[in-house]
>>> print(open('upload.cif').read())   # mmCIF, C-alpha atoms; chains and numbers go by the auth columns
data_final
loop_
_atom_site.group_PDB
_atom_site.id
_atom_site.type_symbol
_atom_site.label_atom_id
_atom_site.label_comp_id
_atom_site.label_asym_id
_atom_site.label_seq_id
_atom_site.Cartn_x
_atom_site.Cartn_y
_atom_site.Cartn_z
_atom_site.B_iso_or_equiv
_atom_site.auth_seq_id
_atom_site.auth_asym_id
ATOM 1 C CA MET A 1 -89.124 -7.829 -22.783 0.00 172 A
ATOM 2 C CA ASN A 2 -86.453 -5.255 -21.940 0.00 173 A
ATOM 3 C CA GLY A 3 -82.804 -6.257 -21.507 0.00 174 A
ATOM 4 C CA LEU A 4 -81.154 -9.577 -22.180 0.00 175 A
ATOM 5 C CA ALA A 5 -82.843 -12.884 -21.525 0.00 176 A
ATOM 6 C CA LEU A 6 -80.875 -15.376 -19.447 0.00 177 A
ATOM 7 C CA HIS A 7 -79.867 -17.365 -22.511 0.00 178 A
ATOM 8 C CA ASP A 8 -78.781 -14.302 -24.527 0.00 179 A
ATOM 9 C CA THR A 9 -75.172 -13.228 -24.426 0.00 180 A
ATOM 10 C CA PRO A 10 -73.988 -9.809 -25.507 0.00 181 A
ATOM 11 C CA ALA A 11 -72.241 -9.585 -28.850 0.00 182 A
ATOM 12 C CA PRO A 12 -68.480 -9.349 -28.475 0.00 183 A
ATOM 13 C CA ALA A 13 -66.991 -5.878 -28.778 0.00 184 A
ATOM 14 C CA SER A 14 -64.398 -5.444 -31.476 0.00 185 A
ATOM 15 C CA TRP A 15 -62.079 -2.808 -32.853 0.00 186 A
ATOM 16 C CA ARG A 16 -60.456 -2.713 -36.292 0.00 187 A
ATOM 17 C CA ILE A 17 -57.852 -0.104 -37.161 0.00 188 A
ATOM 18 C CA ALA A 18 -55.459 0.451 -40.042 0.00 189 A
ATOM 19 C CA LEU A 19 -51.925 1.133 -38.843 0.00 190 A
ATOM 20 C CA PRO A 20 -48.990 2.580 -40.766 0.00 191 A
ATOM 21 C CA HIS A 21 -46.462 0.091 -42.091 0.00 192 A
ATOM 22 C CA THR A 22 -43.817 1.609 -39.787 0.00 193 A
ATOM 23 C CA VAL A 23 -42.520 1.010 -36.281 0.00 194 A
ATOM 24 C CA ALA A 24 -44.756 3.912 -35.160 0.00 195 A
ATOM 25 C CA ALA A 25 -47.616 1.394 -35.356 0.00 196 A
ATOM 26 C CA VAL A 26 -46.357 -0.555 -32.328 0.00 197 A
ATOM 27 C CA PRO A 27 -47.179 1.954 -29.550 0.00 198 A
ATOM 28 C CA VAL A 28 -50.510 2.781 -31.200 0.00 199 A
ATOM 29 C CA ALA A 29 -51.443 -0.913 -31.249 0.00 200 A
ATOM 30 C CA ARG A 30 -50.414 -1.340 -27.603 0.00 201 A
ATOM 31 C CA ALA A 31 -52.522 1.662 -26.574 0.00 202 A
ATOM 32 C CA LEU A 32 -55.595 0.343 -28.395 0.00 203 A
ATOM 33 C CA VAL A 33 -55.321 -3.060 -26.717 0.00 204 A
ATOM 34 C CA ARG A 34 -54.781 -1.482 -23.287 0.00 205 A
ATOM 35 C CA THR A 35 -57.799 0.790 -23.738 0.00 206 A
ATOM 36 C CA ALA A 36 -60.016 -2.021 -25.034 0.00 207 A
ATOM 37 C CA LEU A 37 -59.187 -4.325 -22.130 0.00 208 A
ATOM 38 C CA ALA A 38 -59.648 -1.557 -19.555 0.00 209 A
ATOM 39 C CA GLU A 39 -63.308 -1.368 -20.559 0.00 210 A
ATOM 40 C CA LEU A 40 -64.046 -4.897 -19.375 0.00 211 A
ATOM 41 C CA GLU A 41 -64.743 -5.972 -15.825 0.00 212 A
ATOM 42 C CA HIS A 42 -63.431 -9.498 -16.513 0.00 213 A
ATOM 43 C CA ALA A 43 -60.594 -8.901 -18.934 0.00 214 A
ATOM 44 C CA ALA A 44 -57.577 -10.776 -20.165 0.00 215 A
ATOM 45 C CA ASP A 45 -54.194 -9.735 -18.794 0.00 216 A
ATOM 46 C CA SER A 46 -53.494 -6.332 -20.334 0.00 217 A
ATOM 47 C CA ASP A 47 -49.704 -6.479 -19.969 0.00 218 A
ATOM 48 C CA THR A 48 -49.499 -9.814 -21.780 0.00 219 A
ATOM 49 C CA ALA A 49 -51.941 -8.651 -24.456 0.00 220 A
ATOM 50 C CA GLU A 50 -49.882 -5.506 -25.058 0.00 221 A
ATOM 51 C CA LEU A 51 -46.615 -7.445 -25.252 0.00 222 A
ATOM 52 C CA LEU A 52 -47.945 -10.025 -27.706 0.00 223 A
ATOM 53 C CA THR A 53 -49.677 -7.362 -29.812 0.00 224 A
ATOM 54 C CA ALA A 54 -46.410 -5.431 -30.017 0.00 225 A
ATOM 55 C CA GLU A 55 -44.656 -8.599 -31.216 0.00 226 A
ATOM 56 C CA LEU A 56 -47.254 -9.263 -33.920 0.00 227 A
ATOM 57 C CA VAL A 57 -47.235 -5.675 -35.173 0.00 228 A
ATOM 58 C CA ALA A 58 -43.437 -5.426 -35.109 0.00 229 A
ATOM 59 C CA ASN A 59 -43.173 -8.706 -37.050 0.00 230 A
ATOM 60 C CA ALA A 60 -45.678 -7.501 -39.643 0.00 231 A
ATOM 61 C CA VAL A 61 -43.732 -4.270 -40.120 0.00 232 A
ATOM 62 C CA GLU A 62 -40.316 -5.923 -40.193 0.00 233 A
ATOM 63 C CA HIS A 63 -41.060 -9.031 -42.239 0.00 234 A
ATOM 64 C CA THR A 64 -43.538 -7.828 -44.875 0.00 235 A
ATOM 65 C CA ALA A 65 -42.868 -5.631 -47.857 0.00 236 A
ATOM 66 C CA GLY A 66 -44.922 -2.685 -48.923 0.00 237 A
ATOM 67 C CA THR A 67 -46.032 0.679 -47.778 0.00 238 A
ATOM 68 C CA GLY A 68 -49.720 -0.091 -47.406 0.00 239 A
ATOM 69 C CA PRO A 69 -51.208 -0.254 -43.924 0.00 240 A
ATOM 70 C CA ILE A 70 -51.366 -3.284 -41.706 0.00 241 A
ATOM 71 C CA GLU A 71 -54.557 -3.876 -39.768 0.00 242 A
ATOM 72 C CA LEU A 72 -55.112 -4.572 -36.083 0.00 243 A
ATOM 73 C CA VAL A 73 -58.286 -6.359 -34.997 0.00 244 A
ATOM 74 C CA VAL A 74 -59.103 -6.698 -31.291 0.00 245 A
ATOM 75 C CA GLU A 75 -62.093 -8.790 -30.315 0.00 246 A
ATOM 76 C CA LEU A 76 -63.285 -8.992 -26.717 0.00 247 A
ATOM 77 C CA LEU A 77 -65.057 -12.259 -25.999 0.00 248 A
ATOM 78 C CA PRO A 78 -66.813 -13.587 -22.891 0.00 249 A
ATOM 79 C CA THR A 79 -63.890 -16.013 -22.541 0.00 250 A
ATOM 80 C CA GLY A 80 -61.082 -13.457 -23.075 0.00 251 A
ATOM 81 C CA CYS A 81 -59.758 -11.666 -26.123 0.00 252 A
ATOM 82 C CA GLN A 82 -58.419 -12.371 -29.588 0.00 253 A
ATOM 83 C CA VAL A 83 -55.968 -10.074 -31.336 0.00 254 A
ATOM 84 C CA GLU A 84 -55.207 -10.330 -35.054 0.00 255 A
ATOM 85 C CA VAL A 85 -52.721 -8.485 -37.218 0.00 256 A
ATOM 86 C CA HIS A 86 -53.404 -8.507 -40.947 0.00 257 A
ATOM 87 C CA ASP A 87 -50.548 -7.913 -43.358 0.00 258 A
ATOM 88 C CA PRO A 88 -50.114 -8.097 -47.143 0.00 259 A
ATOM 89 C CA ASP A 89 -47.728 -11.091 -47.213 0.00 260 A
ATOM 90 C CA PRO A 90 -49.499 -14.443 -47.743 0.00 261 A
ATOM 91 C CA ALA A 91 -46.500 -16.451 -46.443 0.00 262 A
ATOM 92 C CA PRO A 92 -47.177 -17.978 -43.010 0.00 263 A
ATOM 93 C CA PRO A 93 -45.036 -16.796 -40.104 0.00 264 A
ATOM 94 C CA GLY A 94 -42.197 -19.196 -39.470 0.00 265 A
ATOM 95 C CA HIS A 95 -42.412 -21.356 -36.367 0.00 266 A
ATOM 96 C CA LEU A 96 -45.487 -19.699 -34.852 0.00 267 A
ATOM 97 C CA THR A 97 -47.352 -22.854 -33.972 0.00 268 A
ATOM 98 C CA VAL A 98 -44.411 -25.297 -34.024 0.00 269 A
ATOM 99 C CA PRO A 99 -41.081 -24.695 -32.271 0.00 270 A
ATOM 100 C CA HIS A 100 -38.020 -24.025 -34.389 0.00 271 A
ATOM 101 C CA PRO A 101 -36.333 -27.327 -35.309 0.00 272 A
ATOM 102 C CA ALA A 102 -32.965 -26.063 -34.083 0.00 273 A
ATOM 103 C CA GLY A 103 -34.383 -25.443 -30.602 0.00 274 A
ATOM 104 C CA GLU A 104 -35.016 -22.236 -28.716 0.00 275 A
ATOM 105 C CA PRO A 105 -33.635 -18.876 -29.892 0.00 276 A
ATOM 106 C CA ASP A 106 -30.099 -17.889 -29.003 0.00 277 A
ATOM 107 C CA PRO A 107 -30.367 -15.695 -25.875 0.00 278 A
ATOM 108 C CA TRP A 108 -27.509 -13.512 -27.170 0.00 279 A
ATOM 109 C CA GLN A 109 -29.298 -12.613 -30.400 0.00 280 A
ATOM 110 C CA GLU A 110 -31.446 -9.500 -30.632 0.00 281 A
ATOM 111 C CA HIS A 111 -34.185 -11.222 -32.667 0.00 282 A
ATOM 112 C CA GLY A 112 -35.959 -14.551 -32.606 0.00 283 A
ATOM 113 C CA ARG A 113 -37.994 -14.567 -29.406 0.00 284 A
ATOM 114 C CA GLY A 114 -41.242 -12.938 -30.543 0.00 285 A
ATOM 115 C CA LEU A 115 -42.947 -16.061 -31.863 0.00 286 A
ATOM 116 C CA LEU A 116 -41.712 -18.020 -28.834 0.00 287 A
ATOM 117 C CA LEU A 117 -43.379 -15.438 -26.561 0.00 288 A
ATOM 118 C CA ILE A 118 -46.619 -15.663 -28.518 0.00 289 A
ATOM 119 C CA ARG A 119 -46.606 -19.486 -28.434 0.00 290 A
ATOM 120 C CA THR A 120 -45.772 -19.585 -24.726 0.00 291 A
ATOM 121 C CA LEU A 121 -47.931 -16.816 -23.273 0.00 292 A
ATOM 122 C CA SER A 122 -51.122 -17.136 -25.324 0.00 293 A
ATOM 123 C CA SER A 123 -53.811 -19.750 -24.789 0.00 294 A
ATOM 124 C CA SER A 124 -53.746 -20.362 -28.556 0.00 295 A
ATOM 125 C CA CYS A 125 -52.280 -18.758 -31.646 0.00 296 A
ATOM 126 C CA GLY A 126 -52.153 -19.254 -35.374 0.00 297 A
ATOM 127 C CA HIS A 127 -52.490 -17.709 -38.786 0.00 298 A
ATOM 128 C CA ARG A 128 -54.934 -17.842 -41.661 0.00 299 A
ATOM 129 C CA PRO A 129 -54.957 -16.600 -45.228 0.00 300 A
ATOM 130 C CA THR A 130 -56.997 -13.519 -46.076 0.00 301 A
ATOM 131 C CA GLY A 131 -58.021 -12.048 -49.412 0.00 302 A
ATOM 132 C CA THR A 132 -55.086 -9.633 -49.259 0.00 303 A
ATOM 133 C CA GLY A 133 -52.399 -11.610 -47.389 0.00 304 A
ATOM 134 C CA LYS A 134 -52.678 -13.237 -43.963 0.00 305 A
ATOM 135 C CA ALA A 135 -53.886 -12.695 -40.426 0.00 306 A
ATOM 136 C CA VAL A 136 -51.728 -13.781 -37.486 0.00 307 A
ATOM 137 C CA TRP A 137 -53.594 -14.085 -34.192 0.00 308 A
ATOM 138 C CA PHE A 138 -53.444 -15.028 -30.540 0.00 309 A
ATOM 139 C CA ARG A 139 -56.021 -15.547 -27.798 0.00 310 A
ATOM 140 C CA LEU A 140 -55.787 -14.827 -24.091 0.00 311 A
ATOM 141 C CA PRO A 141 -58.244 -16.096 -21.475 0.00 312 A
ATOM 142 C CA VAL A 142 -60.040 -13.973 -18.914 0.00 313 A
ATOM 143 C CA VAL A 143 -57.954 -13.416 -15.798 0.00 314 A
ATOM 144 C CA PRO A 144 -59.919 -14.269 -12.640 0.00 315 A
ATOM 145 C CA ARG A 145 -60.584 -11.204 -10.487 0.00 316 A
ATOM 146 C CA GLN A 146 -58.605 -12.487 -7.492 0.00 317 A
ATOM 147 C CA ARG A 147 -55.439 -12.769 -9.612 0.00 318 A
ATOM 148 C CA ARG A 148 -55.582 -9.242 -11.048 0.00 319 A
ATOM 149 C CA PRO A 149 -53.708 -6.401 -9.361 0.00 320 A
ATOM 150 C CA ALA A 150 -55.865 -3.909 -7.451 0.00 321 A
#
>>> encode(input="upload.cif", output="structure tokens")
Amino acid sequence: MNGLALHDTPAPASWRIALPHTVAAVPVARALVRTALAELEHAADSDTAELLTAELVANAVEHTAGTGPIELVVELLPTGCQVEVHDPDPAPPGHLTVPHPAGEPDPWQEHGRGLLLIRTLSSSCGHRPTGTGKAVWFRLPVVPRQRRPA
């Protein structure tokens, strides 16, 4: 039989790229996510995916030591997308899945809103240990066609 059977689903597409441990990694990561999501007919919201990816990459660069690369993994799923950023620090990110005990970030401070954005705008997020540090991830659902801009 040629093609997919009705019960077969295509394997998810994924990208994995090593990024420099510098702020130059942020626009590269955003561009990869934008390009990956543009390939799908039923994609997650690209603007939100880019924003949250930029937050994860910026946090990995700012809060982990070392000069080795960080890694970006983008996986496109039938239900949306998952983005992971791997870094060399095994310590979990503070307050990613649980709000800060002191409340929301101070609106007058330059830092402190990235994890709040990830918690609020993603359908789920978290972190897991890896053999070389940790992976911090978020998921976004597919945006229905009628809600996407033309």
>>> closest_residue(input="upload.cif", among="A:Cys252, A:Leu287, A:Ala225, A:Ile241", to="A:Lys305", atoms="all atoms listed in the file")
A:Ile241
>>> atom_distance(input="upload.cif", atom1="atom CA of A:Trp186", atom2="atom CA of A:Glu246")
6.5 Å
>>> resolve_selection(input="upload.cif", expression="the PyMOL selection byres ((chain A and resi 309-315) around 9)", output="number ranges by chain")
A: 213-216, 219-220, 223-224, 248-255, 289-290, 292-298, 307-308, 316-319
>>> axis_aligned_box(input="upload.cif", around="stretch 247-258 of chain A", padding_each_side="5 Å", output="lines of an AutoDock Vina configuration file")
center_x = -58.7
center_y = -12.0
center_z = -32.9
size_x = 26.3
size_y = 18.1
size_z = 30.8
>>> residues_around(input="upload.cif", residues="A:Arg201", least_positions_apart="4", cutoff="12 Å", atoms="all atoms listed in the file", output="PyMOL selection string")
chain A and resi 190+194-197+205-208+217-229+243-245+254
>>> write_last_selection(input="upload.cif", atoms="C-alpha atoms", output="mmCIF file, in the frame of the given file")
data_model
loop_
_atom_site.group_PDB
_atom_site.id
_atom_site.type_symbol
_atom_site.label_atom_id
_atom_site.label_comp_id
_atom_site.auth_asym_id
_atom_site.auth_seq_id
_atom_site.Cartn_x
_atom_site.Cartn_y
_atom_site.Cartn_z
ATOM 1 C CA LEU A 190 -51.925 1.133 -38.843
ATOM 2 C CA VAL A 194 -42.520 1.010 -36.281
ATOM 3 C CA ALA A 195 -44.756 3.912 -35.160
ATOM 4 C CA ALA A 196 -47.616 1.394 -35.356
ATOM 5 C CA VAL A 197 -46.357 -0.555 -32.328
ATOM 6 C CA ARG A 205 -54.781 -1.482 -23.287
ATOM 7 C CA THR A 206 -57.799 0.790 -23.738
ATOM 8 C CA ALA A 207 -60.016 -2.021 -25.034
ATOM 9 C CA LEU A 208 -59.187 -4.325 -22.130
ATOM 10 C CA SER A 217 -53.494 -6.332 -20.334
ATOM 11 C CA ASP A 218 -49.704 -6.479 -19.969
ATOM 12 C CA THR A 219 -49.499 -9.814 -21.780
ATOM 13 C CA ALA A 220 -51.941 -8.651 -24.456
ATOM 14 C CA GLU A 221 -49.882 -5.506 -25.058
ATOM 15 C CA LEU A 222 -46.615 -7.445 -25.252
ATOM 16 C CA LEU A 223 -47.945 -10.025 -27.706
ATOM 17 C CA THR A 224 -49.677 -7.362 -29.812
ATOM 18 C CA ALA A 225 -46.410 -5.431 -30.017
ATOM 19 C CA GLU A 226 -44.656 -8.599 -31.216
ATOM 20 C CA LEU A 227 -47.254 -9.263 -33.920
ATOM 21 C CA VAL A 228 -47.235 -5.675 -35.173
ATOM 22 C CA ALA A 229 -43.437 -5.426 -35.109
ATOM 23 C CA LEU A 243 -55.112 -4.572 -36.083
ATOM 24 C CA VAL A 244 -58.286 -6.359 -34.997
ATOM 25 C CA VAL A 245 -59.103 -6.698 -31.291
ATOM 26 C CA VAL A 254 -55.968 -10.074 -31.336
#
>>> resolve_selection(input="upload.cif", expression="the PyMOL selection byres ((chain A and resi 234-240) around 6)", output="CSV table (one decimal) with C-alpha atoms, keeping the file's coordinate frame")
chain,number,residue,atom,x,y,z
A,189,ALA,CA,-55.5,0.5,-40.0
A,190,LEU,CA,-51.9,1.1,-38.8
A,191,PRO,CA,-49.0,2.6,-40.8
A,192,HIS,CA,-46.5,0.1,-42.1
A,230,ASN,CA,-43.2,-8.7,-37.0
A,231,ALA,CA,-45.7,-7.5,-39.6
A,232,VAL,CA,-43.7,-4.3,-40.1
A,233,GLU,CA,-40.3,-5.9,-40.2
A,241,ILE,CA,-51.4,-3.3,-41.7
A,260,ASP,CA,-47.7,-11.1,-47.2
>>> atom_distance(input="upload.cif", atom1="atom CA of A:Pro300", atom2="atom CA of A:Val204")
22.9 Å
>>> closest_residue(input="upload.cif", among="A:Ala262, A:Leu247, A:Leu203, A:Leu267", to="A:Thr303", atoms="all atoms listed in the file")
A:Ala262
>>> atom_distance(input="upload.cif", atom1="atom CA of A:Leu211", atom2="atom CA of A:Thr301")
28.9 Å
